[in-house]
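Containing mmCIF, C-alpha atoms: coords.cif.
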data_entry
#
loop_
_atom_site.label_atom_id
_atom_site.label_comp_id
_atom_site.auth_asym_id
_atom_site.auth_seq_id
_atom_site.Cartn_x
_atom_site.Cartn_y
_atom_site.Cartn_z
CA MET A 445 117.86 189.73 251.92
CA THR A 446 119.95 187.37 249.76
CA THR A 447 120.37 183.72 250.67
CA ALA A 448 123.47 182.93 252.72
CA ARG A 449 125.60 180.44 250.77
CA VAL A 450 127.48 178.42 253.36
CA LEU A 451 130.57 176.28 253.05
CA ILE A 452 131.03 173.97 256.07
CA VAL A 453 134.65 173.04 256.83
CA ASP A 454 135.06 170.33 259.46
CA ASP A 455 137.15 167.17 259.55
CA SER A 456 134.39 165.17 261.27
CA LEU A 457 131.82 163.61 258.96
CA THR A 458 129.29 163.53 261.81
CA MET A 459 129.78 167.23 262.56
CA ARG A 460 129.47 168.13 258.88
CA ALA A 461 126.24 166.17 258.62
CA LEU A 462 124.75 167.66 261.79
CA PHE A 463 125.72 171.26 260.98
CA SER A 464 124.53 170.83 257.42
CA GLY A 465 121.21 169.44 258.67
CA VAL A 466 120.42 172.33 261.00
CA LEU A 467 121.55 174.99 258.53
CA GLU A 468 119.69 173.48 255.57
CA ARG A 469 116.46 173.60 257.56
CA ALA A 470 116.86 177.32 258.29
CA ARG A 471 115.16 179.83 256.05
CA GLY A 472 117.58 181.98 254.06
CA ILE A 473 120.49 179.53 254.13
CA GLU A 474 121.81 177.23 251.42
CA VAL A 475 124.66 174.84 252.23
CA VAL A 476 126.65 174.97 248.99
CA GLY A 477 129.42 172.61 250.07
CA MET A 478 131.14 170.63 252.80
CA ALA A 479 134.89 170.21 253.06
CA ALA A 480 136.88 167.87 255.32
CA ASN A 481 140.11 169.89 255.25
CA ALA A 482 141.76 173.07 254.02
CA ASP A 483 142.69 171.62 250.63
CA GLU A 484 139.12 170.67 249.82
CA ALA A 485 137.83 173.96 251.18
CA ARG A 486 140.28 175.98 249.07
CA GLU A 487 139.04 174.32 245.89
CA MET A 488 135.37 174.70 246.90
CA MET A 489 135.80 178.37 247.72
CA ILE A 490 136.94 179.03 244.15
CA ARG A 491 134.29 176.84 242.55
CA LEU A 492 131.27 177.54 244.79
CA ARG A 493 131.92 181.13 245.91
CA PRO A 494 130.29 180.83 249.37
CA SER A 495 129.13 184.03 251.07
CA VAL A 496 130.07 182.65 254.50
CA ILE A 497 132.23 179.81 255.86
CA THR A 498 131.85 177.84 259.08
CA LEU A 499 135.30 176.64 260.05
CA ASP A 500 136.33 174.09 262.67
CA VAL A 501 139.15 175.39 264.85
CA GLU A 502 140.81 172.01 265.25
CA MET A 503 141.53 170.13 262.05
CA PRO A 504 144.31 167.72 261.11
CA GLY A 505 146.92 169.11 258.73
CA MET A 506 146.44 172.84 258.37
CA SER A 507 144.66 174.02 261.52
CA GLY A 508 141.50 176.11 261.42
CA LEU A 509 143.45 179.16 262.59
CA GLU A 510 146.10 178.78 259.90
CA PHE A 511 143.43 178.36 257.27
CA LEU A 512 141.52 181.37 258.62
CA GLU A 513 144.66 183.46 258.26
CA GLU A 514 145.02 182.26 254.67
CA ILE A 515 141.36 183.01 253.86
CA MET A 516 141.65 186.55 255.21
CA ARG A 517 144.85 187.11 253.25
CA GLU A 518 144.00 185.39 249.96
CA ARG A 519 140.23 185.39 249.62
CA PRO A 520 138.53 187.47 252.34
CA THR A 521 135.18 185.89 253.22
CA PRO A 522 133.10 186.11 256.41
CA VAL A 523 134.03 183.19 258.68
CA VAL A 524 132.23 181.80 261.73
CA MET A 525 134.58 179.64 263.79
CA LEU A 526 133.22 176.54 265.51
CA SER A 527 135.14 175.64 268.63
CA THR A 528 134.93 173.65 271.81
CA LEU A 529 134.42 175.56 275.02
CA THR A 530 137.50 174.40 276.84
CA GLN A 531 139.93 176.97 278.21
CA LYS A 532 142.25 176.25 275.31
CA GLY A 533 139.33 176.46 272.89
CA ALA A 534 138.35 179.86 274.25
CA GLU A 535 141.90 181.20 273.90
CA THR A 536 142.01 179.92 270.32
CA SER A 537 138.68 181.59 269.66
CA PHE A 538 140.08 184.93 270.76
CA ARG A 539 142.98 184.48 268.38
CA ALA A 540 140.46 183.72 265.62
CA LEU A 541 138.64 186.98 266.33
CA GLU A 542 141.93 188.85 266.11
CA LEU A 543 142.57 187.23 262.74
CA GLY A 544 139.22 188.36 261.37
CA ALA A 545 136.59 185.73 262.23
CA ILE A 546 133.14 187.29 262.63
CA ASP A 547 132.43 185.26 265.74
CA CYS A 548 133.10 181.92 267.41
CA PHE A 549 130.26 179.51 267.95
CA PRO A 550 130.57 176.82 270.63
CA LYS A 551 130.30 173.25 269.44
CA PRO A 552 127.82 171.19 271.45
CA LYS A 553 129.33 169.00 274.14
CA SER A 554 127.90 165.84 272.58
CA ALA A 555 127.15 165.42 268.90
CA THR A 556 123.48 164.51 269.22
CA PRO A 557 120.70 165.80 266.97
CA ASP A 558 118.88 167.15 270.04
CA GLU A 559 121.85 169.30 271.06
CA PHE A 560 122.24 170.56 267.50
CA ASN A 561 118.55 171.37 267.17
CA ALA A 562 118.75 173.42 270.36
CA LEU A 563 121.63 175.45 268.90
CA ALA A 564 120.09 175.72 265.43
CA PRO A 565 118.26 179.08 265.63
CA LYS A 566 121.28 180.89 267.07
CA LEU A 567 123.74 179.37 264.61
CA ALA A 568 121.45 180.06 261.66
CA ALA A 569 120.98 183.69 262.71
CA LEU A 570 124.73 184.10 263.13
CA VAL A 571 125.49 182.58 259.72
CA ILE A 572 122.93 184.84 258.00
CA ALA A 573 124.19 187.91 259.84
CA ALA A 574 127.81 187.06 258.97
CA SER A 575 126.88 186.55 255.33
CA ASN A 576 125.09 189.90 255.18
CA GLY A 577 127.71 191.75 257.19
CA GLY A 578 130.72 191.00 254.99
CA VAL A 579 134.36 190.69 255.97
CA LYS A 580 135.51 192.31 259.19
CA GLN A 581 138.20 194.98 259.04
CA VAL A 582 140.98 194.01 261.46
CA LYS A 583 142.69 196.96 263.10
CA PRO A 584 145.51 197.06 265.64
CA ILE A 585 144.44 197.75 269.23
CA ARG A 586 145.03 201.34 270.36
CA HIS A 587 145.78 202.17 273.97
CA ALA A 588 144.81 205.04 276.24
CA THR A 589 147.08 208.00 275.76
CA GLU A 590 145.47 210.38 278.24
CA ALA A 591 147.14 210.49 281.65
CA SER A 592 144.35 212.38 283.41
CA TYR A 593 140.68 212.80 282.69
CA ASP A 594 138.33 215.30 284.30
CA TRP A 595 135.05 213.46 284.83
CA ASN A 596 131.73 215.33 284.96
CA GLY A 597 129.78 212.63 286.85
CA LYS A 598 127.99 210.98 283.93
CA VAL A 599 127.87 207.20 283.51
CA VAL A 600 128.23 205.08 280.36
CA ALA A 601 126.50 201.83 279.46
CA MET A 602 126.90 199.83 276.27
CA SER A 603 125.45 196.61 274.93
CA ALA A 604 126.73 194.15 272.34
CA SER A 605 126.38 190.56 271.20
CA VAL A 606 127.92 189.18 268.00
CA GLY A 607 131.17 191.05 267.40
CA GLY A 608 131.01 192.48 270.90
CA VAL A 609 134.19 190.82 272.13
CA ASP A 610 136.07 192.40 269.27
CA ALA A 611 134.46 195.77 269.87
CA ALA A 612 135.34 195.59 273.56
CA LEU A 613 138.95 194.66 272.86
CA ASN A 614 139.27 197.54 270.41
CA MET A 615 137.47 200.27 272.31
CA LEU A 616 138.00 199.75 276.02
CA PRO A 617 141.84 199.87 275.96
CA THR A 618 141.49 203.46 274.69
CA PHE A 619 139.68 204.48 277.90
CA PRO A 620 141.89 206.37 280.39
CA LYS A 621 142.69 205.05 283.86
CA ASN A 622 140.14 207.37 285.47
CA CYS A 623 137.43 206.95 282.85
CA PRO A 624 133.72 207.38 283.70
CA PRO A 625 132.05 204.35 285.31
CA THR A 626 131.35 202.18 282.26
CA VAL A 627 129.03 199.19 282.09
CA LEU A 628 129.35 196.82 279.13
CA LEU A 629 126.55 194.26 278.76
CA LEU A 630 127.79 191.44 276.56
CA GLN A 631 125.78 188.48 275.28
CA ILE A 632 128.59 185.94 275.00
CA GLU A 633 129.10 182.29 275.72
CA PRO A 634 130.02 181.84 279.39
CA GLY A 635 133.21 179.99 278.40
CA PHE A 636 134.55 183.13 276.75
CA VAL A 637 134.15 185.35 279.81
CA ASP A 638 137.34 184.50 281.71
CA PRO A 639 139.66 184.82 278.68
CA LEU A 640 137.97 188.13 277.80
CA VAL A 641 138.43 189.50 281.31
CA LYS A 642 142.06 188.38 281.25
CA ARG A 643 142.71 190.14 277.94
CA LEU A 644 140.91 193.32 278.97
CA LYS A 645 142.78 193.47 282.27
CA ALA A 646 146.04 193.15 280.37
CA SER A 647 145.19 195.84 277.83
CA CYS A 648 143.05 198.41 279.69
CA ALA A 649 144.34 201.31 281.76
CA ALA A 650 141.08 201.30 283.74
CA GLN A 651 140.10 198.55 286.19
CA VAL A 652 138.01 195.74 284.69
CA ALA A 653 135.54 193.86 286.88
CA LEU A 654 132.73 191.38 286.43
CA ALA A 655 129.46 192.93 287.61
CA GLU A 656 128.25 192.04 291.09
CA ASP A 657 124.97 192.72 292.85
CA ASP A 658 124.75 195.93 294.87
CA GLN A 659 127.98 197.20 293.39
CA PRO A 660 128.60 200.97 293.50
CA LEU A 661 129.70 202.27 290.11
CA VAL A 662 132.93 204.20 290.51
CA GLN A 663 135.19 206.21 288.28
CA GLY A 664 138.01 204.30 286.63
CA THR A 665 136.22 200.96 286.43
CA ILE A 666 134.71 199.07 283.52
CA TYR A 667 132.01 196.60 284.62
CA LEU A 668 131.23 193.58 282.46
CA VAL A 669 127.68 192.19 282.59
CA THR A 670 127.81 188.70 281.08
CA ASP A 671 125.92 186.36 283.42
CA PRO A 672 123.04 184.83 281.44
CA SER A 673 121.18 183.93 284.64
CA SER A 674 120.47 187.50 285.75
CA HIS A 675 119.57 190.97 284.52
CA ALA A 676 121.55 194.08 285.36
CA ALA A 677 119.84 197.27 286.44
CA MET A 678 121.13 200.65 287.52
CA SER A 679 119.71 201.80 290.79
CA ARG A 680 120.12 204.89 292.96
CA TRP A 681 121.25 208.36 292.02
CA PRO A 682 123.57 209.99 292.90
CA ASN A 683 126.12 207.29 293.73
CA PRO A 684 124.74 204.83 291.16
CA THR A 685 124.70 201.16 292.03
CA LEU A 686 124.45 198.09 289.84
CA ARG A 687 121.86 195.48 290.80
CA LEU A 688 121.74 191.95 289.42
CA LEU A 689 118.23 190.48 289.29
CA LYS A 690 117.20 186.87 288.94
CA SER A 691 114.09 187.32 286.85
CA ASP A 692 112.71 185.98 283.57
CA PRO A 693 114.23 186.96 280.21
CA ILE A 694 112.76 190.10 278.67
CA ASN A 695 111.80 189.58 275.01
CA GLY A 696 114.11 186.56 275.01
CA ALA A 697 117.13 188.39 276.38
CA ARG A 698 118.90 187.97 279.72
CA PRO A 699 120.74 190.04 280.65
CA SER A 700 118.53 192.55 278.88
CA ALA A 701 120.15 195.67 277.47
CA SER A 702 116.75 197.32 277.29
CA LEU A 703 116.24 196.86 281.03
CA LEU A 704 119.70 198.27 281.77
CA PHE A 705 119.07 201.33 279.60
CA ALA A 706 115.54 201.80 280.97
CA THR A 707 116.79 201.76 284.56
CA MET A 708 119.48 204.26 283.55
CA ALA A 709 116.73 206.47 282.13
CA LYS A 710 115.03 206.33 285.52
CA THR A 711 118.06 206.84 287.72
CA ALA A 712 120.56 208.86 285.72
CA GLY A 713 118.43 210.41 282.96
CA ALA A 714 120.45 213.23 281.38
CA ASN A 715 123.55 212.02 283.24
CA ALA A 716 123.71 208.82 281.19
CA VAL A 717 125.32 207.81 277.92
CA GLY A 718 123.86 204.70 276.27
CA VAL A 719 125.31 202.84 273.30
CA VAL A 720 124.11 199.87 271.27
CA LEU A 721 127.12 198.23 269.68
CA THR A 722 127.36 195.44 267.10
CA GLY A 723 125.02 192.51 267.59
CA MET A 724 122.03 190.44 266.63
CA GLY A 725 118.39 190.91 267.55
CA THR A 726 116.53 193.92 268.83
CA ASP A 727 117.45 193.94 272.52
CA GLY A 728 118.49 197.40 273.65
CA ALA A 729 116.37 199.34 271.15
CA ALA A 730 113.39 200.06 273.39
CA GLY A 731 115.53 200.85 276.42
CA LEU A 732 117.76 203.20 274.45
CA LYS A 733 114.66 205.03 273.24
CA ALA A 734 113.52 205.45 276.85
CA LEU A 735 116.98 206.71 277.81
CA ARG A 736 116.99 209.23 274.98
CA ALA A 737 113.49 210.41 275.99
CA ALA A 738 114.80 210.93 279.53
CA GLY A 739 117.54 213.25 278.26
CA GLY A 740 120.39 210.75 278.05
CA PHE A 741 122.85 210.85 275.18
CA THR A 742 122.51 207.81 272.91
CA MET A 743 124.62 206.29 270.16
CA ALA A 744 124.70 203.21 267.94
CA GLN A 745 127.55 201.59 266.07
CA ASP A 746 127.39 202.13 262.31
CA SER A 747 126.92 199.40 259.75
CA ALA A 748 130.43 199.58 258.29
CA SER A 749 132.19 198.92 261.60
CA SER A 750 129.66 196.41 263.01
CA ALA A 751 130.23 192.69 262.66
CA VAL A 752 126.44 192.40 262.68
CA HIS A 753 124.27 195.50 262.41
CA GLU A 754 120.88 194.12 263.50
CA ALA A 755 120.83 195.51 267.05
CA PRO A 756 122.18 198.99 266.19
CA ALA A 757 119.76 199.15 263.23
CA ALA A 758 116.85 198.22 265.50
CA ALA A 759 117.85 200.96 267.95
CA CYS A 760 117.96 203.48 265.09
CA ALA A 761 114.61 202.31 263.73
CA ALA A 762 113.04 202.68 267.20
CA GLY A 763 114.14 206.31 267.31
CA GLY A 764 116.49 205.71 270.21
CA VAL A 765 119.72 206.89 268.60
CA GLU A 766 121.05 210.42 268.59
CA ARG A 767 124.27 209.61 266.72
CA GLU A 768 125.32 206.62 264.63
CA LEU A 769 129.10 206.35 264.58
CA PRO A 770 131.94 203.98 263.70
CA LEU A 771 133.37 202.05 266.64
CA SER A 772 136.56 204.12 266.56
CA GLU A 773 134.56 207.29 267.30
CA ILE A 774 132.06 205.92 269.82
CA GLY A 775 134.59 205.68 272.65
CA VAL A 776 135.94 209.16 271.89
CA VAL A 777 132.46 210.74 271.86
CA ALA A 778 131.39 208.86 275.02
CA LEU A 779 134.48 210.13 276.85
CA GLU A 780 133.95 213.69 275.61
CA THR A 781 130.31 213.61 276.76
CA CYS A 782 131.46 212.60 280.24
CA ARG A 783 134.29 215.14 280.43
CA ARG A 784 134.03 218.21 282.65
CA ILE A 785 134.35 221.31 280.53
CA ALA A 786 136.94 223.64 281.98
CA ASP A 787 135.62 227.07 283.00
CA ALA A 788 136.59 229.82 280.60
CA ALA A 789 139.34 231.93 282.11
CA MET B 579 109.38 199.51 328.56
CA LEU B 580 111.90 202.24 327.87
CA ILE B 581 113.83 202.09 324.65
CA ASP B 582 117.20 203.72 324.36
CA HIS B 583 116.81 206.93 322.33
CA LYS B 584 119.81 206.22 320.12
CA ALA B 585 118.67 202.66 319.42
CA LEU B 586 115.21 203.95 318.53
CA LEU B 587 116.64 206.42 316.03
CA ALA B 588 118.84 203.70 314.54
CA MET B 589 115.79 201.46 314.18
CA LEU B 590 113.86 204.23 312.41
CA ALA B 591 116.84 204.88 310.12
CA SER B 592 117.01 201.19 309.30
CA GLU B 593 113.29 201.21 308.48
CA LEU B 594 113.86 204.08 306.06
CA ASP B 595 116.76 202.17 304.45
CA ASP B 596 114.43 199.22 303.87
CA ALA B 597 111.77 201.50 302.44
CA ARG B 598 114.31 202.98 300.04
CA ALA B 599 115.46 199.54 298.90
CA GLU B 600 111.85 198.50 298.27
CA LEU B 601 111.17 201.68 296.30
CA GLU B 602 114.28 201.06 294.20
CA MET B 603 113.27 197.51 293.40
CA LEU B 604 109.74 198.66 292.58
CA GLY B 605 111.22 201.15 290.12
CA VAL B 606 113.40 198.47 288.53
CA ALA B 607 110.42 196.11 288.28
CA LEU B 608 108.41 198.78 286.46
CA CYS B 609 111.33 199.36 284.08
CA GLN B 610 111.01 195.76 282.89
CA ASP B 611 108.12 197.04 280.81
CA VAL B 612 110.04 199.56 278.73
CA ALA B 613 106.79 201.12 277.51
CA ILE B 614 106.11 202.18 281.11
CA THR B 615 109.59 203.69 281.38
CA THR B 616 109.16 205.64 278.17
CA ALA B 617 105.72 206.96 279.10
CA HIS B 618 106.32 207.61 282.79
CA VAL B 619 110.02 208.27 283.24
CA ALA B 620 109.42 211.43 285.30
CA LYS B 621 107.16 209.53 287.71
CA LEU B 622 109.73 206.74 287.98
CA GLN B 623 112.40 209.33 288.72
CA ALA B 624 110.08 210.68 291.44
CA LEU B 625 110.22 207.21 293.04
CA ASP B 626 114.01 207.54 293.13
CA HIS B 627 113.68 211.01 294.63
CA VAL B 628 111.48 209.65 297.42
CA GLY B 629 114.17 207.03 297.99
CA GLN B 630 116.81 209.76 298.24
CA ARG B 631 114.70 211.58 300.82
CA CYS B 632 114.41 208.38 302.84
CA ALA B 633 118.19 207.94 302.69
CA SER B 634 118.83 211.53 303.65
CA VAL B 635 116.52 211.37 306.68
CA ALA B 636 118.06 208.02 307.68
CA ASP B 637 121.53 209.60 307.59
CA ILE B 638 120.30 212.43 309.82
CA LEU B 639 118.76 210.00 312.30
CA ARG B 640 122.04 208.08 312.50
CA ALA B 641 124.19 211.21 312.92
CA PRO B 642 125.74 211.91 316.37
CA ASP B 643 124.48 215.53 316.15
CA ILE B 644 121.01 215.51 314.56
CA GLN B 645 120.72 219.33 314.50
CA ALA B 646 124.01 219.76 312.66
CA ALA B 647 123.24 216.89 310.28
CA SER B 648 119.85 218.43 309.48
CA ALA B 649 121.47 221.75 308.68
CA ALA B 650 123.96 220.03 306.41
CA ALA B 651 121.34 217.83 304.69
CA PRO B 652 121.99 217.75 300.94
CA LEU B 653 118.31 217.72 300.00
CA GLU B 654 116.63 221.06 299.42
CA SER B 655 113.29 219.86 300.81
CA ILE B 656 114.85 219.13 304.21
CA ALA B 657 116.85 222.37 304.21
CA SER B 658 113.74 224.45 303.50
CA ARG B 659 111.68 222.69 306.21
CA LEU B 660 114.50 223.32 308.67
CA GLU B 661 114.58 226.99 307.68
CA GLY B 662 110.81 227.19 308.30
CA LEU B 663 111.22 225.70 311.77
CA THR B 664 114.06 228.11 312.57
CA ARG B 665 111.88 231.09 311.57
CA GLN B 666 109.00 229.85 313.79
CA ALA B 667 111.36 229.46 316.73
#

For the file at hand, write its structure as structure tokens.
Amino acid sequence: MTTARVLIVDDSLTMRALFSGVLERARGIEVVGMAANADEAREMMIRLRPSVITLDVEMPGMSGLEFLEEIMRERPTPVVMLSTLTQKGAETSFRALELGAIDCFPKPKSATPDEFNALAPKLAALVIAASNGGVKQVKPIRHATEASYDWNGKVVAMSASVGGVDAALNMLPTFPKNCPPTVLLLQIEPGFVDPLVKRLKASCAAQVALAEDDQPLVQGTIYLVTDPSSHAAMSRWPNPTLRLLKSDPINGARPSASLLFATMAKTAGANAVGVVLTGMGTDGAAGLKALRAAGGFTMAQDSASSAVHEAPAAACAAGGVERELPLSEIGVVALETCRRIADAA
Amino acid sequence: MLIDHKALLAMLASELDDARAELEMLGVALCQDVAITTAHVAKLQALDHVGQRCASVADILRAPDIQAASAAAPLESIASRLEGLTRQA
């Protein structure tokens, strides 16, 4: 793995110093420069050739979003946006993802070394993953074209973390109104949940709902599991139900994709489709393997279409993946697997 | 003390519902160790099947016509037991 060469772009001297401090201490990261505005950053990008940029959303003069647009147009480089978790900040973050940012990282509420140290491991992992993953390909969102869909009773569950918002916004609008019950477990900052739900509701033909405890999974609904205080498990078959459980993280993850997939292996077995989408870490790998062993159909997002390929790669390495596919094909294959095959005349 | 027959059946059905819920949560708890799921998925699925049998019997106990509900039970195990009883009669 090559060292991630980071350029920090932030108008605040304090923020630059704090971000630089936590990133410099991380293994595999070298902070090659710090810029206070777009002009300085432009010059440093040419001179220092960073492999990844952290960019403040709100800067005087040219805003972070405007500069992001310029970077993606003139000198495509992986960018991690740093933003505040206000409602406005979350909306801006979504725009940044549409423009090609790898992910948006929430700035701490107060600029204290303690707060930064707490965020350090996650930010460092994200910066390294963004550096290794390269520039994201931005594609226009497609919409469902199928008026009717003959469902065969199977259920779909997917997991994602970094890049997952993007993946969701690209894939789920292609699902028809009466799609199979689909659970998407997303490791995202809580502040991003409401804007994501709003965007998905506006762009999806199917219903979009935040997961609730004891919720029957029904055709035509996409369930989002995002609450970091509980796990999601599938219970009961037939008539599957989603349960939310207040228990400890599993291998550092809550909600745990591995637990969701493992409970699907138990309840649905061959009637389940499991997918590990773009993301960091190894959560999901062991559960997907269990699901595959139980006869479920399993997929992982390929490297080229993943913002970060760690989680799909871990699922492949664990032997849990039947097919590795680009994002654009995963939704199609999931829907085909859950489609009733018409009897031959 | 005499207990109303219908209330008794409803109480037994409710007991079976609780048993099913406990079985389901036991299954989910075991799934938290994914190694157990991988090695024993068939046994975990058997837990779910026991839960389904509990639910099916609870539905029969709650039905206004227990005989008809038994005959229409979706589970094969109940249908075959009923067939055995019919033959004996």

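Residues matched by the PyMOL selection byres ((chain B) within 8 of (chain A)) in this structure: Glu602, Gly605, Val606, Cys609, Gln610, Val612, Ala613, Thr615, Thr616, Val619, Ala620, Leu622, Gln623, Asp626 and Gln630 of chain B.
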
I'd like the residues picked by the PyMOL selection byres ((chain A and resi 745-752) around 8) written out as an mmCIF file with C-alpha atoms, in the frame of the given file, using the chain letters and numbers from the file.
data_model
loop_
_atom_site.group_PDB
_atom_site.id
_atom_site.type_symbol
_atom_site.label_atom_id
_atom_site.label_comp_id
_atom_site.auth_asym_id
_atom_site.auth_seq_id
_atom_site.Cartn_x
_atom_site.Cartn_y
_atom_site.Cartn_z
ATOM 1 C CA ILE A 546 133.140 187.290 262.630
ATOM 2 C CA ALA A 573 124.190 187.910 259.840
ATOM 3 C CA ALA A 574 127.810 187.060 258.970
ATOM 4 C CA GLY A 577 127.710 191.750 257.190
ATOM 5 C CA GLY A 578 130.720 191.000 254.990
ATOM 6 C CA LYS A 580 135.510 192.310 259.190
ATOM 7 C CA GLN A 581 138.200 194.980 259.040
ATOM 8 C CA VAL A 606 127.920 189.180 268.000
ATOM 9 C CA GLY A 607 131.170 191.050 267.400
ATOM 10 C CA VAL A 719 125.310 202.840 273.300
ATOM 11 C CA VAL A 720 124.110 199.870 271.270
ATOM 12 C CA LEU A 721 127.120 198.230 269.680
ATOM 13 C CA THR A 722 127.360 195.440 267.100
ATOM 14 C CA GLY A 723 125.020 192.510 267.590
ATOM 15 C CA MET A 724 122.030 190.440 266.630
ATOM 16 C CA MET A 743 124.620 206.290 270.160
ATOM 17 C CA ALA A 744 124.700 203.210 267.940
ATOM 18 C CA HIS A 753 124.270 195.500 262.410
ATOM 19 C CA GLU A 754 120.880 194.120 263.500
ATOM 20 C CA ALA A 755 120.830 195.510 267.050
ATOM 21 C CA PRO A 756 122.180 198.990 266.190
ATOM 22 C CA ALA A 757 119.760 199.150 263.230
ATOM 23 C CA GLU A 768 125.320 206.620 264.630
ATOM 24 C CA LEU A 769 129.100 206.350 264.580
ATOM 25 C CA PRO A 770 131.940 203.980 263.700
ATOM 26 C CA LEU A 771 133.370 202.050 266.640
ATOM 27 C CA ILE A 774 132.060 205.920 269.820
#

Self-check item: Selected residue, from A:Ala564, A:Met525, A:Leu570, A:Leu686, that lies nearest to Ser605 of chain A when counting only C-alpha atoms
Solution: A:Leu570

Exercise. Figure out the distance between atom CA of Gly544 of chain A and atom CA of Glu484 of chain A, please, to one decimal in Å.
Key: 21.1 Å

Practice problem: Run the PyMOL selection byres ((chain B and resi 636) around 10) against the file shown and list the residues it catches, as a ChimeraX atom specification. | Solution: /B:587-595,598,630-635,637-641

Please, can segment 607-621 of chain B be completed to N, CA and C atoms and returned as a short mmCIF file (atom, residue, chain, number, x, y, z; two decimals), in the frame of the given file?
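Written out: part_39.cif:
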data_model
loop_
_atom_site.label_atom_id
_atom_site.label_comp_id
_atom_site.auth_asym_id
_atom_site.auth_seq_id
_atom_site.Cartn_x
_atom_site.Cartn_y
_atom_site.Cartn_z
N ALA B 607 111.45 197.03 288.78
CA ALA B 607 110.42 196.11 288.28
C ALA B 607 109.56 196.80 287.22
N LEU B 608 109.23 198.06 287.44
CA LEU B 608 108.41 198.78 286.46
C LEU B 608 109.18 199.01 285.16
N CYS B 609 110.50 199.16 285.27
CA CYS B 609 111.33 199.36 284.08
C CYS B 609 111.38 198.11 283.19
N GLN B 610 110.98 196.96 283.73
CA GLN B 610 111.01 195.76 282.89
C GLN B 610 110.01 195.87 281.75
N ASP B 611 108.99 196.71 281.93
CA ASP B 611 108.12 197.04 280.81
C ASP B 611 108.60 198.39 280.28
N VAL B 612 109.38 198.33 279.20
CA VAL B 612 110.04 199.56 278.73
C VAL B 612 109.02 200.61 278.30
N ALA B 613 107.83 200.15 277.90
CA ALA B 613 106.79 201.12 277.51
C ALA B 613 106.43 201.99 278.71
N ILE B 614 106.42 201.39 279.90
CA ILE B 614 106.11 202.18 281.11
C ILE B 614 107.22 203.20 281.34
N THR B 615 108.48 202.77 281.17
CA THR B 615 109.59 203.69 281.38
C THR B 615 109.47 204.88 280.43
N THR B 616 109.22 204.58 279.16
CA THR B 616 109.16 205.64 278.17
C THR B 616 108.03 206.63 278.50
N ALA B 617 106.88 206.08 278.88
CA ALA B 617 105.72 206.96 279.10
C ALA B 617 105.75 207.66 280.46
N HIS B 618 106.42 207.06 281.43
CA HIS B 618 106.32 207.61 282.79
C HIS B 618 107.68 207.82 283.45
N VAL B 619 108.68 208.19 282.66
CA VAL B 619 110.02 208.27 283.24
C VAL B 619 110.10 209.30 284.38
N ALA B 620 109.36 210.40 284.25
CA ALA B 620 109.42 211.43 285.30
C ALA B 620 108.85 210.88 286.61
N LYS B 621 107.77 210.10 286.49
CA LYS B 621 107.16 209.53 287.71
C LYS B 621 108.09 208.48 288.33
#
